[in-house]
Amino acid sequence: MIRRSFAAGTASKKHWLLAFALAMGVAQASSATAQTGSVSSPPKVATTPYLESLPSLGSKASSESSGIIQTSCSSCGMGHLAAPSADGGDCFGNCGGNCVPGHQPCAPCTCESCIGRFFCGIYECICCPDPCYDPHWVAAADAAFFVDGARPMTQMRLRWDAGLNLQFPDRAEYFWARADGNGKGPKFPINGFKGETGLNYSQLSLYTEAASGNFSAFTILPYDSIDPEQAAHAAGFGDVVIGTKSMLLDCELMQLTFGFNTYLPSGNFTKGIGTGHVSIEPQLLLALRLAQNTYFQAQLSEWIPLGGDTDYEGAILHYHFSVNQVLWKAMADVQIIGTAEFNGYSFQDGAFTDPILGSFQGASGDTYISIGPGLRCVICDKVDFGIGTAFSITNHHFADQLYRTELRWRF
């Protein structure tokens, strides 16, 4: 019995020793595998139709569906398949110096002469706008008193005009309606005169403009006071003006704007307040930068009467130019600007009443010209005020002397 128990114990110990040896072998194999870095590959995941239908991260479909547009040089014209552009851009995001995303490629424009550089500047303004240009109101570009500003701007303006010795007020029915006794204007003869011998006038007007981007709409509400030499004194609200501005070109060099004004016969024309008919006035407005603190302003307008006296009404081409120069900066945002202005009115048709010779004096072919200086103070690009003058240099004229005072407030 004792020998059999001893034999059974010995067999049991052999089984434990064999199990321990196997365990040690497995441990040594695992350690060797970790040191050599060989790792068994993970099991493959079966693809599904849903995963296969998803676009890749850089694909066009992914960009469009996510709302993110892939960055590239779109100005090279034909996307990623185009050949390298002339300025060195390769359409794979490596654009040359004249290749701006979102614009057409620009050919270099260089010239040594002053006129050549000017036309190069116009070319670049139209075809190659500066992507870093920030459109904004510039005081020196809108300082003239007799030239409308080119840049649409939300603002209000209070203006006072004082005109002295105005001649032939019914000429082409621009200031008065026909005034020889057979038209809508004041009735003549008076004191033996067949027409008005001259008058002084004052006008207080409120200009209100609302702008959005490159477009604006405005109204002008005038209050007139006239003091004729022969006709009776009169005062009242004159012809209301409504208009629009649409900027055609805007760059550092220049701003070009198309404007359209409509004059409504809201004044009492029988007393000389207004013309008694509708008029329209398309116009072009320009602001051109000549130097850092010097601008040239220009206005070209065609005044066209509608529904006036068929014998007296006539179109007028009028043009205004101004050179504006910053004279002094009291502070960084307070400046004094001087203006030198030219005004011309060329009559294309119509008639007027001469106080001695009488009716049906031809207006066509004559031109009125006036010139004068002005001075404007601008504060913080928000408020400005000043006075401008225009003195006639032709024998015939509207006002022989015109003094204009303005206060403007921009929002």
# chains A, B, ... in the order shown; residues from 1 in each chain; ligands from 1
>>> residues_around(residues="range 346-362 of chain A", least_positions_apart="5", cutoff="9 Å", atoms="only C-alpha atoms", output="JSON list (two decimals) with C-alpha atoms, in the first residue's frame")
[["chain", "number", "residue", "atom", "x", "y", "z"],
["A", 168, "PHE", "CA", -32.55, 136.06, -68.68],
["A", 169, "PRO", "CA", -34.12, 133.74, -66.07],
["A", 170, "ASP", "CA", -36.44, 132.04, -68.60],
["A", 171, "ARG", "CA", -33.59, 131.04, -70.92],
["A", 172, "ALA", "CA", -34.31, 127.47, -72.13],
["A", 173, "GLU", "CA", -36.71, 127.32, -69.13],
["A", 178, "ARG", "CA", -41.42, 131.25, -70.13],
["A", 179, "ALA", "CA", -41.97, 134.78, -68.85],
["A", 180, "ASP", "CA", -43.06, 137.01, -71.72],
["A", 189, "PRO", "CA", -44.67, 143.35, -69.77],
["A", 192, "GLY", "CA", -42.63, 148.83, -69.96],
["A", 193, "PHE", "CA", -40.16, 145.93, -69.96],
["A", 194, "LYS", "CA", -40.95, 142.87, -72.05],
["A", 195, "GLY", "CA", -38.99, 140.56, -69.75],
["A", 196, "GLU", "CA", -37.10, 140.49, -66.44],
["A", 197, "THR", "CA", -34.10, 142.82, -66.28],
["A", 310, "THR", "CA", -42.19, 123.98, -77.09],
["A", 311, "ASP", "CA", -40.68, 127.29, -78.25],
["A", 312, "TYR", "CA", -38.65, 128.03, -75.14],
["A", 313, "GLU", "CA", -37.48, 124.78, -73.58],
["A", 314, "GLY", "CA", -34.07, 123.51, -74.63],
["A", 315, "ALA", "CA", -31.47, 120.95, -73.56],
["A", 316, "ILE", "CA", -28.33, 122.14, -71.78],
["A", 317, "LEU", "CA", -24.98, 120.37, -71.58],
["A", 318, "HIS", "CA", -23.28, 121.50, -68.38],
["A", 319, "TYR", "CA", -19.85, 120.47, -67.12],
["A", 367, "THR", "CA", -22.18, 129.22, -73.33],
["A", 368, "TYR", "CA", -22.01, 130.51, -69.77],
["A", 369, "ILE", "CA", -18.69, 130.06, -67.92]]
>>> closest_atom_pairs(of="range 260-361 of chain A", to="range 202-221 of chain A", cutoff="12 Å", atoms="only C-alpha atoms", output="tab-separated table")
residue	atom	partner	partner_atom	distance
A:Phe260	CA	A:Ala217	CA	9.6
A:Asn261	CA	A:Phe218	CA	9.1
A:Thr262	CA	A:Thr219	CA	9.6
A:Tyr263	CA	A:Ile220	CA	9.4
A:Leu264	CA	A:Ile220	CA	10.5
A:Pro265	CA	A:Leu221	CA	11.9
A:Ser266	CA	A:Leu221	CA	10.0
A:Gly267	CA	A:Leu221	CA	10.6
A:Ile273	CA	A:Gln203	CA	10.5
A:Gly274	CA	A:Gln203	CA	11.7
>>> write_last_selection(atoms="N, CA and C atoms", output="CSV table (one decimal), in the first residue's frame")
chain,number,residue,atom,x,y,z
A,260,PHE,N,-28.5,109.8,-62.2
A,260,PHE,CA,-29.7,110.1,-63.0
A,260,PHE,C,-30.6,110.9,-62.0
A,261,ASN,N,-30.9,112.2,-62.4
A,261,ASN,CA,-31.7,113.1,-61.6
A,261,ASN,C,-33.0,113.3,-62.3
A,262,THR,N,-34.1,113.5,-61.6
A,262,THR,CA,-35.4,113.9,-62.1
A,262,THR,C,-35.9,115.1,-61.3
A,263,TYR,N,-36.3,116.1,-62.0
A,263,TYR,CA,-36.8,117.4,-61.4
A,263,TYR,C,-38.3,117.4,-61.5
A,264,LEU,N,-39.0,117.5,-60.4
A,264,LEU,CA,-40.5,117.5,-60.4
A,264,LEU,C,-41.0,118.9,-60.2
A,265,PRO,N,-42.0,119.3,-61.0
A,265,PRO,CA,-42.5,120.7,-61.0
A,265,PRO,C,-43.4,120.9,-59.7
A,266,SER,N,-42.8,121.0,-58.6
A,266,SER,CA,-43.6,121.2,-57.3
A,266,SER,C,-43.6,122.6,-56.9
A,267,GLY,N,-42.9,123.5,-57.5
A,267,GLY,CA,-42.9,124.9,-57.1
A,267,GLY,C,-44.0,125.7,-57.8
A,273,ILE,N,-41.1,130.5,-59.1
A,273,ILE,CA,-40.5,129.4,-58.2
A,273,ILE,C,-40.7,128.1,-58.9
A,274,GLY,N,-39.6,127.7,-59.7
A,274,GLY,CA,-39.7,126.5,-60.5
A,274,GLY,C,-40.0,126.7,-61.9
>>> select_by_dssp(residues="range 71-286 of chain A", states="strand (DSSP E or B)", output="PyMOL selection string")
chain A and resi 155-166+190+193+199-212+215-228+234-237+240-250+254-264+278-286
>>> atom_distance(atom1="CA of Asp400 in chain A", atom2="CA of Ala231 in chain A")
19.1 Å
>>> residues_around(residues="Asn268 in chain A", least_positions_apart="4", cutoff="8 Å", atoms="only C-alpha atoms", output="count of residues only")
7
>>> atom_distance(atom1="CA of Trp137 in chain A", atom2="CA of Asn343 in chain A")
24.1 Å
>>> atom_distance(atom1="CA of Glu229 in chain A", atom2="CA of Asn200 in chain A")
8.4 Å
